[in-house]
Every structure is written in structure tokens, then in C-alpha cells.
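Novice: I'd like to ask some things about the structure below.
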There are 2 protein chains.
Amino acid sequence: MVETRDLLLRAGLEVLTEKGFSATGIDEILHRVSVPKGSFYHYFESKEAFGTALIAQYAHFFARKIDHYLSDKSISPLARLRAFVAGAQAGMASHDFRRGCLIGNLGQEMGSLPESFRRQLQAVFDDWQSRFARCLMAAQEAGELSRQADCEQLAAFFWIGWEGAVLRAKLEQSAEPLEVFARGFFAGLPPG
Amino acid sequence: MVETRDLLLRAGLEVLTEKGFSATGIDEILHRVSVPKGSFYHYFESKEAFGTALIAQYAHFFARKIDHYLSDKSISPLARLRAFVAGAQAGMASHDFRRGCLIGNLGQEMGSLPESFRRQLQAVFDDWQSRFARCLMAAQEAGELSRQADCEQLAAFFWIGWEGAVLRAKLEQSAEPLEVFARGFFAGLPPG
């Protein structure tokens, strides 16, 4: 039983990181995993409920990915952020730049999505930004970043722009936008 | 005759800066402007052709908007870029942050769009970036920006991130993401 729910969520994530929520029919997801429609509605009462579950699952998955990079004490805090960027580039390349960020995709589509998604998506960005802000504070402790820098603002700056970079990487089917953005971000950090 | 085509394009821009191409049916656009379907196909042979015309029209409209701000010789080059940002904030606010950037929206949706849009969208970004790069070079001439700065890279950095900021402003229904991004960008520029 749980397995079917997971299958549906996995297929949903695959499809929705490539294309939009509106452009995707439940049928397409069911077809991928050979699950009958009745079974879908056993687990999710609507497409909206499915979307909510997908956002929660992706947010959790990605927070662990961020922590994986940002908790590596063997390298300096800024090196950890750079490692996250390199990991994201490799991740996008491994899917030929077809898949982006589910949260960014849905955010862009907000105009035609259930209004309930809005706060959920904002909360996900806030969470990711907090994790980055803590790493930037560690960079201040380590003398890599100016004590005057506002780490919350810098973390927000990163995530606001990074979603644009993911979008452009998909459009250009290339890692270059991710590199250009990261280079610009790190070059602009006030040194410690 | 020309008027009907313009009506259709205007309605298309309105709808497509708010929601996605996939989420929008031709019928919805026709309904807005009370134009019969046959008339639509008189001007555009397909939804794809309509999309191509919309991108071209938006690109032209927005290039003129950029030039409007960046050709204002009464203020310094960096002040012109800041004026563009302020203008964009006011523009998004005037539509209650419902409307974003057509080019960014379509770029995000590329996974489910006609492949012919890809090069067209990339070319639009290249054009906007060139206009910004020229203004940044003028900032170097004026001693506002370091001679060592790579203006092409900085212009790409701006536009890659700016589209992320527009996305977040729509999601949060607030100008704050635009401000946070612009503040981060300008703060990171190496002084002249």
C-alpha cells in the first residue's frame, strides 16, 4: 500500500520537475507507474492534495541534500556552499538539464495553481534560506566573510537568484547559467 | 484587420504573463476579446505561431523599456540600472504582482513547449543582457565600476538572477524579492 503511494509521488516528482502542474494530467502519472485511477484517489483526494504531498516530499528531500553539503566540517563554510552548487550542477547535468526545481516550477506557475500552495512554497524557500544563512554565519566565524554582512539577506539573495539560474540552465540545457550566477554571488561577498 | 491581430496579441500577453502557455487555451484568449476562432486562425496558423509572435512582441516592447531607462543621460550609468529596477518594481506592483515576465514564464515551461521557442527565448535574454552590458561599460567609463569587472558576465549574472526575483515577487505578491536581489547585485559590484 505504502509502496503505491511512493510510486505515485516519485512519478509525480519526475514529471513535475520537467513540466508544469497545469500541463500534467493525473492520467500521465498513472500511466507511468501502471496504477489505476481508483487507487490514486485512495491515496490522494484530489490533484491539489497530490501537489501538497509532492511539495512536502520534495522540500524534505532537498533540505537533506542541503544539509549533506552544508554539514561537511572537513571544508570551510564557503567551500560547503560551493560544493552545494557543484552538486546541483552535476544533478542537473545527469538529467540533461530537463529537470529543474519543483518549488521554483510551481512558484512560477502560481497564477494558475490552488492558492493553498502559495504559503507552502514560501515556507520551503524560507527553510532553505535559513540553512544557507547559518552556513554564512559560520563563514563569518571562520573569518571568510565580513562580520558586517547580513547573512539572512545574503541567503535570500542567493535563493532568489539561484531559482533564476535553474530556470536558465533548463532553457539553455547547460550548466553555464548556474556557474555564472554562483561566480557572481561568491565574487560579491564582502571578505572577512 | 490589423486591430484584431493586436487585440489578440495584447490579450495573449496579459494572460501569459500571469499563467503558463500550457495552462492557457486559445478559447480563453478569444473570449477576452470577443474574437471568433476562425478569425484567430486567419492571423495565426497555430497556437505555436501565436506564441512565436507573442515572444517577438514582448521582446520588442521590453527592449524599448530597457532603453528608456538606460539611455537617460541625466543620471549616472549605475543610477540608470537602479531606475530600471525601480520601474520594474512599480510595474509589477501596478498589477498586484500577478504578472511576471513572459520570457521567464515561457523559459520555465520549456519542458512542455514547442522546441522552436528555445532559441527564440535565449536570443531575447542575450539581447537584454547586451543592453545591460553596455550600460555597465559606461559605468566603467564614468569611474563607477572597476575596470577589471567583466561587464558581459555581470549583465548575465543580473538577468539570470533577476528572473528568479520576478518569480519570487509573484509567489510572495511583494516587491521585496526584487529589492533583495537588486541590493545584493549592486552591493557586490566592484567599485571604480
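Ligands are numbered from 1 in the order shown, chains are lettered A, B, ... in the order of the C-alpha cells, and residues start at 1 in each chain.
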Provide as a ChimeraX atom specification the residues of chain B at most 8 Å from chain A, counting only C-alpha atoms.

Specialist: /B:18-20,22-23,98,104-105,107-112,118,122,153-154,156-157,160-165,167-168,170-172,177,180-181,184-185,187-190

Novice: Find the residues near A:Ala149: any atom within 10 Å, counting only C-alpha atoms, skip ones fewer than 6 places away on the same chain, and give them as a list in words.

Specialist: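 The residues satisfying every condition are Leu136, Met137, Gln140, Leu189, Pro190, Pro191 and Gly192 of chain A.
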
Novice: Please report, as a PyMOL selection string, each residue of stretch 13-190 of chain A to which DSSP assigns helix (DSSP H, G or I) when run on this structure's backbone.

Specialist: chain A and resi 13-18+26-33+37-43+47-70+77-94+102-108+110-112+116-141+151-172+176-188

Novice: Just the number, please: distance in Å from atom CA of B:Gln120 to atom CA of B:Ile103, one decimal.

Specialist: 9.5 Å

Novice: Here is a test: counting only C-alpha atoms, which residue of A:Arg80, A:Gln57, A:Val85, A:Ser46 is nearest to A:Arg10?

Specialist: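 Of A:Arg80, A:Gln57, A:Val85, A:Ser46, the one nearest A:Arg10 is A:Gln57, counting only C-alpha atoms.
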
Novice: Which residue is closest to B:Lys47? Choose from B:Phe132, B:Ser74, B:Gly12, B:His68 and count only C-alpha atoms.

Specialist: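 Closest to B:Lys47, using only C-alpha atoms: B:Gly12.
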
Novice: Counting only C-alpha atoms, what is within 10 Å of B:Ala49, bar same-chain residues fewer than 6 positions away, as a VMD selection string?

Specialist: chain B and resid 41 43 55 114 116 to 117

Novice: Using only C-alpha atoms, find the one residue out of B:Ala83, B:Glu152, B:Gly38, B:Cys101 that sits nearest to B:Phe61.

Specialist: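 Nearest to B:Phe61: B:Cys101.
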